[in-house]
Amino acid sequence: MIGQLIEAGMDVVRLNMSHMEQDAAAEIIKNLRQYLEESQTAAQIGIWLDTNGPKVRTGNLKDGQPVYIRAGDDFYFVNDATVLGDSNRVSTTYTKELVRNGDQMFVDDGLLSFTVVERLPDSIRTVANNSGYLGEKKGINFPRHIIDELPALSEKDRVDIDFGLANDVDFISLSCIRTSEDVEEARMLIGNAKVKLLAKIENESGMENFESILRLADGVVIDRGYLGAEVDVESVTINQKKMIALANLAGKPVFLANQMLESMNHNPRPTRAEAADVANAVIDGVDGLVLSAETAVGQYVVESLRCARKIAGTSEKNTNYYEYQLKMMRSIPKPVNVSESIASSAVVCARQVGASVIIAITEVGGTARLVAKYRPQIPVIAATLLGQTARQLNLCFGLRMYHHKGSADTLLQGTVKYAVALGICKPGDIAVVTSGQVIGFLEGTTTKMQVLTIKE
């Protein structure tokens, strides 16, 4: 299955540690790396470890199978974690007094809704507002309450992050981020590791503090499913667009997650509304689309990936990126720093001289991300000597990765040969080259731009 997903266009494997033990995660990592080595593919597939974060969840169920909840039935949320749930009750990971009679509780991104009717010594009695299936370890939302006391990183999260670092994952996401302090806490734990931190925006606090979170995170994930159960659903799309625009302006990758092609869990084709949702997200400027249940438990795993890729590709072809570039250049705060100036100038120069390709030579990714920020209308090859940099940049919009196995002296020559072999350019074409370095500079420092004619 991993091979089929890579061939269908998967760029990163997400390990959801809320629903996975480390043994299972280690097996997936081993299988992925084994496939990449044996297939000799040029694909740069990243590994993303997704922590649980300060999220309240339901407990385990009898036989591990979903149970059916009927509207109007009493349903109990119990404080004993050893209880195996059924159609009448389930345990939760939060046992302190919180809700009151009349409060609403949403489970599994709001697919199930309950009204609190009675507090009991060891449980809460609720009435199910609608019918549906309840699975294990599903998120619980309390729209009228904010649980500030939960730590940004639980003990399990810390153990999972240590596991991720030991296995050289490329990304770690922090779920249910509330403030920039949550990101700082994770930074302290990770230390000098080169892993990229993604902040998942899933609650009202995270949405309100988005700009300060964005400044400290390496990228953001907007999880509409959980967010839509925390805030008024009609405000999700508007805020989603605002957050995408801010991330674009900052030049940091932004991803959209949850309920992308939800109907493809059971159907071979998405609804027209889902297709429009994906298309609009691409037009708005997201760097990536995250399939969740579609590829975790869905019946049409590969088909949903191909469908998302096809919709995204068509949307990109019909987006006016020249207007996007002009808007971005007008929006950048002045004065513009040197790296920003070189990156934007490379995109403008490429258009003016009719270049066939932009080559961004980079050590840790900053140079290539700055070029991608301006959405060039020609191919951009991000060339690097570091495999992890290649995998991390693979999540940025419009970049085609080239991991050079030789030396720095042959990097540019090797990249040009790679571009010619792919048919991106040919001898006589023009290439615009940008490069940066980390020695003596901050990450993302672009120090040089040049225009070359590709030789025979």
# chains A, B, ... in the order shown; residues from 1 in each chain; ligands from 1
>>> select_by_dssp(residues="region 210-373 of chain A", states="strand (DSSP E)", output="VMD selection string")
chain A and resid 219 to 223 254 to 257 288 to 290 357 to 361
>>> closest_atom_pairs(of="region 141-254 of chain A", to="region 8-13 of chain A", cutoff="12 Å", atoms="only C-alpha atoms", output="Markdown table")
| residue | atom | partner | partner_atom | distance |
| --- | --- | --- | --- | --- |
| A:Val169 | CA | A:Val13 | CA | 10.0 |
| A:Asp170 | CA | A:Val12 | CA | 9.3 |
| A:Phe171 | CA | A:Val12 | CA | 9.4 |
| A:Ile172 | CA | A:Val13 | CA | 11.6 |
>>> write_last_selection(atoms="N, CA, C and O atoms", output="PDB file, in the first residue's frame")
ATOM      1  N   VAL A 169      12.371  11.507  12.408  1.00  0.00           N
ATOM      2  CA  VAL A 169      11.221  12.000  11.656  1.00  0.00           C
ATOM      3  C   VAL A 169      11.517  13.417  11.176  1.00  0.00           C
ATOM      4  O   VAL A 169      12.401  14.101  11.695  1.00  0.00           O
ATOM      5  N   ASP A 170      10.792  13.862  10.180  1.00  0.00           N
ATOM      6  CA  ASP A 170      11.058  15.160   9.560  1.00  0.00           C
ATOM      7  C   ASP A 170      10.189  16.278  10.116  1.00  0.00           C
ATOM      8  O   ASP A 170      10.571  17.448  10.089  1.00  0.00           O
ATOM      9  N   PHE A 171       9.000  15.917  10.611  1.00  0.00           N
ATOM     10  CA  PHE A 171       8.057  16.904  11.146  1.00  0.00           C
ATOM     11  C   PHE A 171       7.449  16.371  12.434  1.00  0.00           C
ATOM     12  O   PHE A 171       7.197  15.172  12.569  1.00  0.00           O
ATOM     13  N   ILE A 172       7.204  17.278  13.366  1.00  0.00           N
ATOM     14  CA  ILE A 172       6.421  16.965  14.560  1.00  0.00           C
ATOM     15  C   ILE A 172       5.356  18.036  14.682  1.00  0.00           C
ATOM     16  O   ILE A 172       5.661  19.237  14.645  1.00  0.00           O
TER      17      ILE A 172
END
>>> residues_around(residues="Arg215 (chain A)", least_positions_apart="4", cutoff="9 Å", atoms="only C-alpha atoms", output="list in words")
Ser180, Phe210, Glu211 and Ala250 of chain A
>>> write_last_selection(atoms="N, CA, C and O atoms", output="short mmCIF file (atom, residue, chain, number, x, y, z; two decimals), in the first residue's frame")
data_model
loop_
_atom_site.label_atom_id
_atom_site.label_comp_id
_atom_site.auth_asym_id
_atom_site.auth_seq_id
_atom_site.Cartn_x
_atom_site.Cartn_y
_atom_site.Cartn_z
N SER A 180 1.61 30.86 21.82
CA SER A 180 3.00 30.70 21.36
C SER A 180 3.85 30.03 22.43
O SER A 180 4.87 29.40 22.11
N PHE A 210 -3.16 33.24 16.58
CA PHE A 210 -2.54 32.65 15.39
C PHE A 210 -1.25 33.36 14.98
O PHE A 210 -0.24 32.71 14.68
N GLU A 211 -1.24 34.67 14.97
CA GLU A 211 -0.07 35.40 14.47
C GLU A 211 1.17 35.15 15.33
O GLU A 211 2.27 34.99 14.81
N ALA A 250 3.94 35.20 5.55
CA ALA A 250 5.12 34.86 6.36
C ALA A 250 6.06 33.91 5.64
O ALA A 250 7.19 33.70 6.09
#
>>> closest_residue(among="A:Val348, A:Ala26, A:Met328, A:Val107", to="Ala229 (chain A)", atoms="only C-alpha atoms")
A:Val107
>>> atom_distance(atom1="CA of Gln413 (chain A)", atom2="CA of Ile359 (chain A)")
10.9 Å
>>> atom_distance(atom1="CA of Val278 (chain A)", atom2="CA of Met260 (chain A)")
6.5 Å
>>> closest_residue(among="A:Pro379, A:Gly354, A:Gly406, A:Gly135", to="Leu452 (chain A)", atoms="only C-alpha atoms")
A:Gly354
>>> residues_around(residues="Tyr321 (chain A)", least_positions_apart="2", cutoff="10 Å", atoms="only C-alpha atoms", output="JSON, numbers by chain")
{"A": [283, 285, 316, 317, 318, 319, 323, 324, 325, 326, 327, 374, 375, 376, 377]}
>>> select_by_dssp(residues="region 282-322 of chain A", states="alpha helix (DSSP H)", output="JSON, numbers by chain")
{"A": [282, 283, 284, 293, 294, 295, 296, 301, 302, 303, 304, 305, 306, 307, 308, 309, 310, 311, 312, 313, 314, 315, 316, 317, 321, 322]}
>>> closest_residue(among="A:Thr93, A:Thr295, A:Gln104, A:Asn52", to="Glu202 (chain A)", atoms="only C-alpha atoms")
A:Asn52
